[in-house]
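Below is run-v2.cif, holding mmCIF, C-alpha atoms.
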data_run
loop_
_atom_site.label_atom_id
_atom_site.label_comp_id
_atom_site.auth_asym_id
_atom_site.auth_seq_id
_atom_site.Cartn_x
_atom_site.Cartn_y
_atom_site.Cartn_z
CA MET A 141 -66.39 7.42 -24.41
CA GLU A 142 -63.96 4.67 -23.51
CA ASN A 143 -60.45 4.64 -24.89
CA ARG A 144 -60.36 1.46 -26.99
CA GLY A 145 -56.87 0.11 -27.54
CA PHE A 146 -54.80 3.30 -27.24
CA LYS A 147 -53.28 2.94 -23.82
CA THR A 148 -49.73 4.11 -24.49
CA SER A 149 -48.05 6.82 -26.48
CA GLU A 150 -46.93 5.82 -29.91
CA VAL A 151 -45.22 7.27 -32.91
CA ARG A 152 -46.39 6.38 -36.38
CA VAL A 153 -44.38 7.32 -39.44
CA VAL A 154 -46.02 7.22 -42.85
CA GLU A 155 -43.56 7.24 -45.73
CA ALA A 156 -44.68 6.98 -49.32
CA SER A 157 -44.35 8.71 -52.65
CA ALA A 158 -46.34 11.80 -53.60
CA GLY A 159 -49.99 11.15 -54.38
CA SER A 160 -50.08 7.76 -52.66
CA GLY A 161 -52.64 8.71 -50.01
CA LYS A 162 -50.48 9.62 -47.00
CA THR A 163 -52.67 12.56 -46.02
CA TYR A 164 -55.82 10.46 -46.30
CA ALA A 165 -54.25 7.68 -44.21
CA LEU A 166 -53.08 10.12 -41.52
CA ALA A 167 -56.46 11.87 -41.43
CA GLY A 168 -58.16 8.48 -41.03
CA ARG A 169 -55.79 7.56 -38.22
CA TYR A 170 -56.46 10.91 -36.51
CA VAL A 171 -60.24 10.39 -36.73
CA LYS A 172 -59.84 6.85 -35.41
CA LEU A 173 -57.95 8.18 -32.38
CA ILE A 174 -60.51 10.92 -31.73
CA LEU A 175 -63.50 8.58 -32.02
CA SER A 176 -61.81 6.17 -29.62
CA GLY A 177 -61.71 8.89 -26.97
CA VAL A 178 -58.26 10.41 -27.40
CA ALA A 179 -58.39 14.20 -26.98
CA PRO A 180 -57.14 16.20 -30.00
CA ARG A 181 -54.71 18.07 -27.73
CA SER A 182 -53.01 14.70 -27.08
CA ILE A 183 -52.33 14.03 -30.76
CA LEU A 184 -49.50 15.60 -32.74
CA ALA A 185 -49.26 15.19 -36.50
CA ILE A 186 -46.18 16.58 -38.23
CA THR A 187 -45.84 16.99 -41.96
CA PHE A 188 -43.46 18.72 -44.35
CA SER A 189 -45.53 21.43 -45.97
CA ASN A 190 -48.14 23.97 -44.94
CA LYS A 191 -50.28 22.70 -47.81
CA ALA A 192 -50.26 19.15 -46.40
CA ALA A 193 -51.07 20.41 -42.89
CA VAL A 194 -54.05 22.42 -44.16
CA GLU A 195 -55.20 19.48 -46.29
CA MET A 196 -54.96 17.09 -43.34
CA LYS A 197 -57.05 19.39 -41.12
CA SER A 198 -59.61 19.68 -43.89
CA ARG A 199 -59.77 15.91 -44.38
CA ILE A 200 -60.17 15.27 -40.66
CA LEU A 201 -63.11 17.66 -40.47
CA ASP A 202 -64.54 16.25 -43.71
CA LEU A 203 -64.37 12.66 -42.44
CA LEU A 204 -65.97 13.63 -39.13
CA LYS A 205 -68.67 15.61 -40.96
CA ARG A 206 -69.46 12.66 -43.25
CA ILE A 207 -69.75 10.36 -40.24
CA ALA A 208 -71.83 12.84 -38.21
CA LEU A 209 -74.22 13.57 -41.08
CA ASP A 210 -74.13 10.03 -42.47
CA SER A 211 -73.36 11.49 -45.90
CA PHE A 212 -71.39 8.94 -47.86
CA ARG A 213 -71.30 8.47 -51.61
CA ASP A 214 -72.48 4.93 -51.19
CA GLU A 215 -72.84 2.21 -48.60
CA LYS A 216 -69.55 0.58 -49.68
CA SER A 217 -67.46 3.69 -48.87
CA LYS A 218 -69.26 4.02 -45.53
CA LYS A 219 -68.59 0.37 -44.69
CA SER A 220 -64.90 0.57 -45.63
CA LEU A 221 -64.40 3.67 -43.46
CA TYR A 222 -66.27 2.12 -40.53
CA ASP A 223 -64.27 -1.11 -40.92
CA TYR A 224 -61.02 0.88 -40.83
CA LEU A 225 -62.18 2.89 -37.82
CA GLN A 226 -63.39 -0.31 -36.13
CA ALA A 227 -66.34 1.81 -35.20
CA PRO A 228 -69.60 0.51 -33.82
CA GLY A 229 -72.60 0.83 -36.13
CA ASP A 230 -73.49 4.40 -35.17
CA VAL A 231 -70.73 6.80 -34.22
CA ARG A 232 -72.60 9.88 -35.34
CA VAL A 233 -72.95 11.29 -31.83
CA ALA A 234 -69.22 10.82 -31.19
CA ALA A 235 -68.41 12.50 -34.53
CA PHE A 236 -70.70 15.47 -33.72
CA SER A 237 -69.06 15.76 -30.31
CA ALA A 238 -65.58 15.57 -31.86
CA ILE A 239 -66.42 18.33 -34.35
CA ASP A 240 -67.77 20.53 -31.54
CA GLY A 241 -64.63 19.89 -29.49
CA ILE A 242 -62.30 20.62 -32.39
CA LEU A 243 -64.07 23.83 -33.34
CA ALA A 244 -64.20 25.01 -29.71
CA GLY A 245 -60.47 24.39 -29.28
CA TYR A 246 -59.16 24.61 -32.84
CA ASN A 247 -55.76 25.72 -31.54
CA PHE A 248 -55.41 22.26 -29.96
CA LEU A 249 -55.66 20.56 -33.35
CA GLN A 250 -51.91 19.99 -33.51
CA ILE A 251 -51.17 19.40 -37.17
CA GLN A 252 -48.00 21.25 -37.98
CA THR A 253 -45.03 21.43 -40.26
CA ILE A 254 -41.70 20.26 -38.90
CA ASP A 255 -40.35 23.81 -38.78
CA SER A 256 -43.38 25.23 -36.95
CA PHE A 257 -43.17 22.41 -34.40
CA ILE A 258 -39.45 23.00 -33.79
CA ASN A 259 -40.12 26.73 -33.53
CA ALA A 260 -42.81 26.08 -30.88
CA VAL A 261 -40.46 23.80 -28.91
CA LEU A 262 -37.67 26.38 -29.04
CA SER A 263 -40.06 29.14 -27.95
CA GLY A 264 -41.21 27.03 -25.03
CA CYS A 265 -37.63 26.33 -23.96
CA ALA A 266 -36.19 29.78 -24.73
CA PHE A 267 -35.40 30.59 -21.11
CA ARG A 268 -33.55 27.31 -20.54
CA LEU A 269 -31.68 27.70 -23.82
CA ASP A 270 -30.70 31.25 -22.85
CA ILE A 271 -32.25 32.76 -25.96
CA SER A 272 -34.78 35.54 -26.28
CA PRO A 273 -38.38 34.26 -26.25
CA SER A 274 -39.06 36.62 -29.15
CA PHE A 275 -36.36 35.09 -31.36
CA ARG A 276 -37.01 34.73 -35.07
CA ILE A 277 -35.68 32.01 -37.31
CA LYS A 278 -33.89 33.50 -40.28
CA ASP A 279 -34.89 32.12 -43.64
CA ASP A 280 -32.28 34.02 -45.65
CA PHE A 281 -29.57 31.61 -44.51
CA ARG A 282 -27.38 31.97 -47.60
CA ARG A 283 -26.32 35.45 -46.51
CA TYR A 284 -25.34 34.13 -43.06
CA ILE A 285 -23.47 31.15 -44.47
CA SER A 286 -21.61 33.44 -46.86
CA TYR A 287 -20.72 35.80 -44.01
CA GLY A 288 -19.57 32.92 -41.80
CA PHE A 289 -17.47 31.46 -44.60
CA ASP A 290 -15.88 34.85 -45.31
CA ARG A 291 -15.04 35.26 -41.61
CA MET A 292 -13.54 31.78 -41.52
CA VAL A 293 -11.37 32.48 -44.57
CA ASP A 294 -10.25 35.81 -43.04
CA ASP A 295 -9.39 34.11 -39.74
CA ALA A 296 -7.57 31.31 -41.55
CA GLY A 297 -5.43 33.92 -43.32
CA VAL A 298 -3.46 34.47 -40.13
CA PRO A 299 -0.34 32.24 -40.38
CA GLY A 300 -0.46 29.24 -38.06
CA ARG A 301 -4.20 29.48 -37.26
CA GLU A 302 -5.59 27.58 -40.28
CA HIS A 303 -5.85 24.27 -38.47
CA GLU A 304 -7.51 25.81 -35.41
CA VAL A 305 -10.03 27.77 -37.52
CA PHE A 306 -11.05 24.75 -39.56
CA LEU A 307 -11.43 22.59 -36.43
CA ARG A 308 -13.60 25.27 -34.82
#
Target encoding structure tokens, full file:
Amino acid sequence: MENRGFKTSEVRVVEASAGSGKTYALAGRYVKLILSGVAPRSILAITFSNKAAVEMKSRILDLLKRIALDSFRDEKSKKSLYDYLQAPGDVRVAAFSAIDGILAGYNFLQIQTIDSFINAVLSGCAFRLDISPSFRIKDDFRRYISYGFDRMVDDAGVPGREHEVFLR
């Protein structure tokens, strides 16, 4: 399938209040990219919560399934989706193919939370960053902040070092 209109990399940011349809808009955009020939492994969607990531994956598969099976509530919802996708009249074959591709390489469906994405980047660069590739991000940070603060206060207790400790 030809790649219609997506010739360069781009970053899209969707900001809106809760319940305004961000996940639906991002899922629609993802489907539009896939149906225009962009491979799922070339698309990265980042969101804040695991719940939103799971919901987005579900919506993408749901949209593709509705297109592939031509199962819309009514002709108006079908037309509005097809108008948004700028899809030719029948994209069922492309939707079936996209579903097959996604299911065959589900690990390439890159819809992640910010923290899981950063963790993956750090893991991939562990050697260059001189950290262990099996590092783990600590989520009980309060204990470490408390410890660091206590150490700083102890170090600052030495006369004449307060300025140096606070600058460090």
Translate the PyMOL selection byres ((chain A and resi 251) around 8) into a concrete residue list for this structure, as a PyMOL selection string. chain A and resi 184-187+193+196-197+249-250+252-253
I need the residue set behind the PyMOL selection byres ((chain A and resi 198) around 12) for this file; please write it as an MDAnalysis selection string. chainID A and resid 163:164 166:168 170:171 191:197 199:205 239 242 249 251
Distance of CA of Asn247 in chain A from CA of Arg206 in chain A, expressed in Å to one decimal place: 22.3 Å
Please compute the CA of Ala244 in chain A-CA of Phe257 in chain A distance, one decimal, in Å.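 Interatomic distance here is 21.7 Å.
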Pairwise distance for CA of Arg268 in chain A and CA of Asp255 in chain A, rounded to one decimal in Å: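 Distance between the two atoms: 19.8 Å.
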Specify the axis-aligned box that encloses all atoms of range 273-278 of chain A listed in the file after padding of 3 Å on each side, stating its centre and edge lengths in Å to one decimal as lines of an AutoDock Vina configuration file.
center_x = -36.5
center_y = 34.3
center_z = -33.3
size_x = 11.2
size_y = 10.6
size_z = 20.0
Given all atoms listed in the file as the counted atoms, nearest of A:Met292, A:Leu209, A:Ile174, A:Ala158 to Leu307 in chain A: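 Of the candidates, the smallest distance to Leu307 in chain A is held by A:Met292.
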Using all atoms listed in the file, can you tell me which of A:Ser157, A:Arg232, A:Leu225, A:Ser272 comes closest to Ser211 in chain A?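 Using all atoms listed in the file, Ser211 in chain A sits closest to A:Arg232.
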